[in-house]
Structure formats: structure tokens, C-alpha cells
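*Asks:* Below you will find the structure I want to go over with you.
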Amino acid sequence: MNRRHLLQSTPLAFGWLGLSALAAQTGPAKSAKRVIFLCMRGAPSHVDTFDYKPRLETDSGKPGARPGTQLLGSRWKFRRHGQSGHWISELFPQLATCADDLCVLNGMQTDLPAHPQAYLKMHTGSSQFVRPSLGAWTHYGLGSLNDNLPGFITITPASGFGGAQNYGSAFLPAQHQGTRIGADKRPITGAEVANLRPKIDPAGQRAELDLVQSLNRSHLTLHADPQVEGLIESYELAYRMQSEMPAVMDLTRETEATRQLYGIGETVTDDFGRKCLLARRLVEAGVRFVEITHGDWDHHSDLGEKLPASCAGVDKPLCGLLTDLKARGLLKDTLVIWGGEFGRTPHVEGNDGRDHNVKAFTLWMAGGGVKAGVSHGASDDHGYEAVSGIVTIPDWHATILHLLGLDHEKLTYRHAGRNFRLTDIHGSVVHDIVG
């Protein structure tokens, strides 16, 4: 019995099946083959970017809904863009030209007001327990598109906010965890995959690996241990990566026009532009799930200076990524996701900042089978709380898996005596945004 049969039939747990999880698998009919998750660590202010609130502007300076607070209208102008008429702030002039590719979710909610917990839940579905990450579940369910590359890569992931748990595999076999490229708060230029270049000649390295693998397989015959199976797969993958990964990471192979499209060479956009171009090269080469982390969006103060700086750093690269994917015919089956772990308050914090808001925030998605040019859900007149089209984190996870052809209730793994899944016992697919 293979995963395709399991995905299309009864909700059995996969568990350890002795199958090669790196072999490409197909599930039910799907639109997305791969994911690029653009994670804005620290939570962007929805009321200053994609959730237009004219009433908030009118009531700016008046008492807020919470005692002792004062409403703060956005100082940036919003305009409708494209045939979709999406309201987008002037902070995103380049991305606004791609408005008709976006599916904007203005009814997002979570239940955790602290960054580490909310960030972990966004990535793993749980804030309290060590669970596999979204990328790990995706790779576990679908396998790899290229046996010479990792199926899941994370670019400059957050060192805090849960650290490696956000791209870990937890109880899933080890080959499903994310491969890290670069480090938090460091430029991506010059970043490499650790230990990619061998220190001995190829023949010697192969002989060394064969010896280690023979010992691992001997252990596996005595103990049906999925972690050992994952270790065997990881060692073999690392060996194969040496032939292909360096070329994929070489951005000099791109034309100057492409590099300019992403803002590479420009002081403000060079770093994020390189990350986005690398992400496109990775998915084009067959990586199933790529996450890019960009921060810090935790604007408790100096909103007037920090938010424009954060937006300027990603605006052109975001537009470049969507434009490039579309031109190459990749956007239709690549799900692009942008957003952070929660939103910001419509009232002011201190002199010029916004506090955490879990009751309303905005994410957008593009490509990969979502309805383009659609705005789903809404918050109240001030942006305090989602009032329609509410999407929780489990709903969001369920929808992502659905777009990838995976049933979130059937994608399970047997661990510690019961079946686990990304969405636990929650989550409903948001069919209104599925094309």
C-alpha cells in the first residue's frame, strides 16, 4: 500500500511504512506542487498595509475600545489597484502592480498574543508541544521533486521564537526537517549549506559513507526505527546534494535583467531580493517547500520610520518574485504565502507604535490554486477584530494542505500510541478562496 492509496481512501495513519519518503508521491487532484512561504517575523500592521480602515482615520485620536487607549489612524494613503480593486497601502507601490494575483485574507485570527507561542503555532500547529513543522508535513505527505536536493529549505530562519522547532520534523523521520541556509539577522550573501564540500576525495567519501550506512542498516534490521531510516536517507541526500546544490545557489547564473527585477544591487532590497531569487531557483530545481524569514516587524515604537523601512525592503522583491514565477509558468502551481504571526492594534502604543493584536490580521496568498484578485473576510471598522470570513491557524493549515492535494484529516503519523496530524482535531478548508 502506498501513500497515494492512503490519501485517496481511508484515514489511516502512515506511521513507519518502510517506504522511501523522498520518492515523489501524488495525492488527490491538486493545484499546487510547491510552496514559498514569505514569513514576516514580528507581525506586520494590517491596518497600515492591506486592511484599509477609513473609519480609523476619521476616529484617529479618539478613545479606543480598550480602556486608556487612543486610536491611531494610518498615516499612509490607500488606493484600489488592478481589476480586483484590492486596497493596498502606498507602502507597497511595486507589489500593488501585482494586485490581481493576490488573494488577501483579512479575517485571520490566532489565540496567542506572545510572539514565541504564536510563531510556533503558525509553523507547527502547536505552541505547547514539539510538533512537526508545516514544511515537514508537506514533504512527508508529498515527497521530493528532486532526489538530489532537500525537499524543504528554510532561508535565514529566526533564531528565537522557537528556533529550530519552526522547521523541525519532531517525531517524523529526520529527512523531512528543513535544511537551513544562512542565519538570522545576517546577510544572505555568501551563505552556504554547511559541510557541502567534502574534505576527502569522492572515492574515500563514498567508502566512508558506505561503512556508516551498513552499520545503520544493521541497526534498522533489529529495530524498526523511523529515525534511523531518516538518518540513512539524510546521509544519502547530503552526498547527492554535492553535485547539484552549488549550481542552484549560484545567482550569478541569472541575467542582469532578472537580478534587477528582484532589486539585487540596490541597498534597500539587495538582501531580500537575493533570498527571493534563491527561492525561485530552488523551487524551479525541485524543492518542495521553501521558507524565507524577514524581520523585524515588531513595531512597538517608531512606526513612522520602521514600518516604511520594512516594507521598502520587501516590496520590489515580492513583485519581482511573483512576476518571475508567472513569466516562467511556475506561479500556477507554486503557492506563495506572505504574512506574520498576528496583527497590530488600531490604537497607539507609546508615542508612535502599535501593540499585538490576535483578533484580526492579514495574510495574502498567490498562485497554487487560490482565487486570484479575491479579498476574503473582513475586520471591524477599526481593525480590532475579524467579523466575517474568519480564518484560524488550523483553517489556514488545512487549506494549504488541500491546495497541495492533501487531506489534513488523513495526513497522519502514528506516534506515542495515537495518530497525530498538523491540525490536531481542528481546522476546516476555506473553500471560498480555492480556485
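In the C-alpha cells, chains take the letters A, B, ... in the order shown, each chain's residues start at 1, and ligands count up from 1 in the order shown.
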Taking a cut-off of 10 Å and counting only C-alpha atoms, can you build a table that, for each residue of stretch 93-136 of chain A near stretch 358-368 of chain A, reports the nearest atom pair and how far apart they are in Å (one decimal), sorted by chain then residue number, as CSV?

*Replies:*
```
residue,atom,partner,partner_atom,distance
A:Cys98,CA,A:Ala366,CA,9.8
A:Ala99,CA,A:Ala366,CA,9.7
A:Asp100,CA,A:Ala366,CA,9.3
A:Asp101,CA,A:Ala366,CA,5.8
A:Leu102,CA,A:Ala366,CA,5.0
A:Cys103,CA,A:Met365,CA,5.2
A:Val104,CA,A:Trp364,CA,4.3
A:Leu105,CA,A:Leu363,CA,5.2
A:Asn106,CA,A:Thr362,CA,4.6
A:Gly107,CA,A:Ala360,CA,6.1
A:Met108,CA,A:Phe361,CA,5.1
A:Gln109,CA,A:Lys359,CA,5.0
A:Thr110,CA,A:Val358,CA,5.2
A:Asp111,CA,A:Val358,CA,6.0
A:Leu112,CA,A:Val358,CA,6.6
A:Pro113,CA,A:Val358,CA,5.9
A:Ala114,CA,A:Val358,CA,9.2
A:Ala118,CA,A:Val358,CA,8.9
```

*Asks:* Which parts of stretch 166-338 of chain A does DSSP call strand (DSSP E or B) when run on the backbone here, written out as a PyMOL selection string?

*Replies:* chain A and resi 179-181+289-294+334-338

*Asks:* Next, the residues of the selection above should be written as a PDB file, in the first residue's frame with C-alpha atoms.

*Replies:*
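Output saved as selection.pdb:
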```pdb
ATOM      1  CA  THR A 179      17.682  22.378   5.621  1.00  0.00           C
ATOM      2  CA  ARG A 180      18.880  25.765   6.854  1.00  0.00           C
ATOM      3  CA  ILE A 181      20.625  28.270   4.583  1.00  0.00           C
ATOM      4  CA  PHE A 289       8.825  23.832   0.321  1.00  0.00           C
ATOM      5  CA  VAL A 290      10.925  26.989   0.748  1.00  0.00           C
ATOM      6  CA  GLU A 291      10.544  29.445   3.617  1.00  0.00           C
ATOM      7  CA  ILE A 292      12.143  32.881   3.759  1.00  0.00           C
ATOM      8  CA  THR A 293      12.209  34.729   7.075  1.00  0.00           C
ATOM      9  CA  HIS A 294      12.350  38.517   7.140  1.00  0.00           C
ATOM     10  CA  THR A 334       3.529  27.386  -6.791  1.00  0.00           C
ATOM     11  CA  LEU A 335       1.672  28.588  -3.700  1.00  0.00           C
ATOM     12  CA  VAL A 336       3.199  31.857  -2.469  1.00  0.00           C
ATOM     13  CA  ILE A 337       2.259  32.965   1.062  1.00  0.00           C
ATOM     14  CA  TRP A 338       3.072  36.257   2.808  1.00  0.00           C
TER      15      TRP A 338
END
```

*Asks:* Could you tell me which of A:His139, A:His81, A:His299, A:Arg274 comes closest to A:Ile155 if we count only C-alpha atoms?

*Replies:*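 Among A:His139, A:His81, A:His299, A:Arg274, it is A:Arg274 that comes nearest to A:Ile155.
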
*Asks:* When you count only C-alpha atoms, which of these residues is closest to A:Ser144: A:His402, A:Lys306, A:His397, A:Lys33?

*Replies:*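 Of A:His402, A:Lys306, A:His397, A:Lys33, the one nearest A:Ser144, counting only C-alpha atoms, is A:Lys33.
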
*Asks:* Using only C-alpha atoms, which residue out of A:Gly286, A:Thr154, A:His382, A:Met40 lies closest to A:Val314?

*Replies:*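 For A:Val314, the nearest of the candidates is A:Met40.
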
*Asks:* I'd like the neighbourhood of A:Asp315 as a list in words, where a residue qualifies if any of its atoms comes within 7 Å (using only C-alpha atoms), though same-chain residues fewer than 4 positions away should be ignored.

*Replies:* Phe92, Gln94, Leu95, Cys311 and Cys319 of chain A

*Asks:* For atom CA of A:Leu120 and atom CA of A:Glu341, determine how far apart the two atoms are, in Å to one decimal place.

*Replies:*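 Between atom CA of A:Leu120 and atom CA of A:Glu341 the gap works out to 8.7 Å.
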
*Asks:* Using atom CA of A:Leu251 and atom CA of A:Asp270 as the two end points, give the distance in Å to one decimal.

*Replies:* 12.2 Å

*Asks:* Residues of stretch 70-148 of chain A that have any atom at most 12 Å from an atom of stretch 157-162 of chain A: could you tabulate them with the shortest-distance atom pair and the distance in Å to one decimal, using only C-alpha atoms, ordered by chain and increasing number, as JSON lines?

*Replies:*
```
{"residue": "A:Ala114", "atom": "CA", "partner": "A:Phe161", "partner_atom": "CA", "distance": 9.5}
{"residue": "A:His115", "atom": "CA", "partner": "A:Phe161", "partner_atom": "CA", "distance": 6.4}
{"residue": "A:Pro116", "atom": "CA", "partner": "A:Phe161", "partner_atom": "CA", "distance": 4.0}
{"residue": "A:Gln117", "atom": "CA", "partner": "A:Phe161", "partner_atom": "CA", "distance": 7.3}
{"residue": "A:Ala118", "atom": "CA", "partner": "A:Phe161", "partner_atom": "CA", "distance": 8.5}
{"residue": "A:Tyr119", "atom": "CA", "partner": "A:Phe161", "partner_atom": "CA", "distance": 6.2}
{"residue": "A:Leu120", "atom": "CA", "partner": "A:Gly162", "partner_atom": "CA", "distance": 6.1}
{"residue": "A:Lys121", "atom": "CA", "partner": "A:Gly162", "partner_atom": "CA", "distance": 9.8}
{"residue": "A:Met122", "atom": "CA", "partner": "A:Phe161", "partner_atom": "CA", "distance": 10.9}
{"residue": "A:His123", "atom": "CA", "partner": "A:Gly162", "partner_atom": "CA", "distance": 9.6}
{"residue": "A:Thr124", "atom": "CA", "partner": "A:Gly162", "partner_atom": "CA", "distance": 10.2}
{"residue": "A:Ser126", "atom": "CA", "partner": "A:Gly162", "partner_atom": "CA", "distance": 11.1}
{"residue": "A:Ser127", "atom": "CA", "partner": "A:Gly162", "partner_atom": "CA", "distance": 9.1}
{"residue": "A:Gln128", "atom": "CA", "partner": "A:Gly162", "partner_atom": "CA", "distance": 10.7}
{"residue": "A:Phe129", "atom": "CA", "partner": "A:Gly162", "partner_atom": "CA", "distance": 10.9}
{"residue": "A:Val130", "atom": "CA", "partner": "A:Gly162", "partner_atom": "CA", "distance": 9.7}
{"residue": "A:Arg131", "atom": "CA", "partner": "A:Gly162", "partner_atom": "CA", "distance": 11.4}
{"residue": "A:Ser133", "atom": "CA", "partner": "A:Gly162", "partner_atom": "CA", "distance": 11.3}
```

*Asks:* Of the residues A:Trp396, A:Ser84, A:Gln242, A:His347, which is the one nearest to A:Asp59, using only C-alpha atoms?

*Replies:*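 Of all the options, A:His347 lies closest to A:Asp59.
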
*Asks:* When distances are computed from only C-alpha atoms, which of A:Glu244, A:Asp380, A:Asp48, A:Glu192 shows the smallest separation from A:Leu303?

*Replies:*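 Closest to A:Leu303, using only C-alpha atoms: A:Asp48.
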
*Asks:* Between atom CA of A:Phe37 and atom CA of A:Thr423, what distance in Å does the model show, to one decimal?

*Replies:*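 Computed distance, atom CA of A:Phe37 to atom CA of A:Thr423, equals 18.0 Å.
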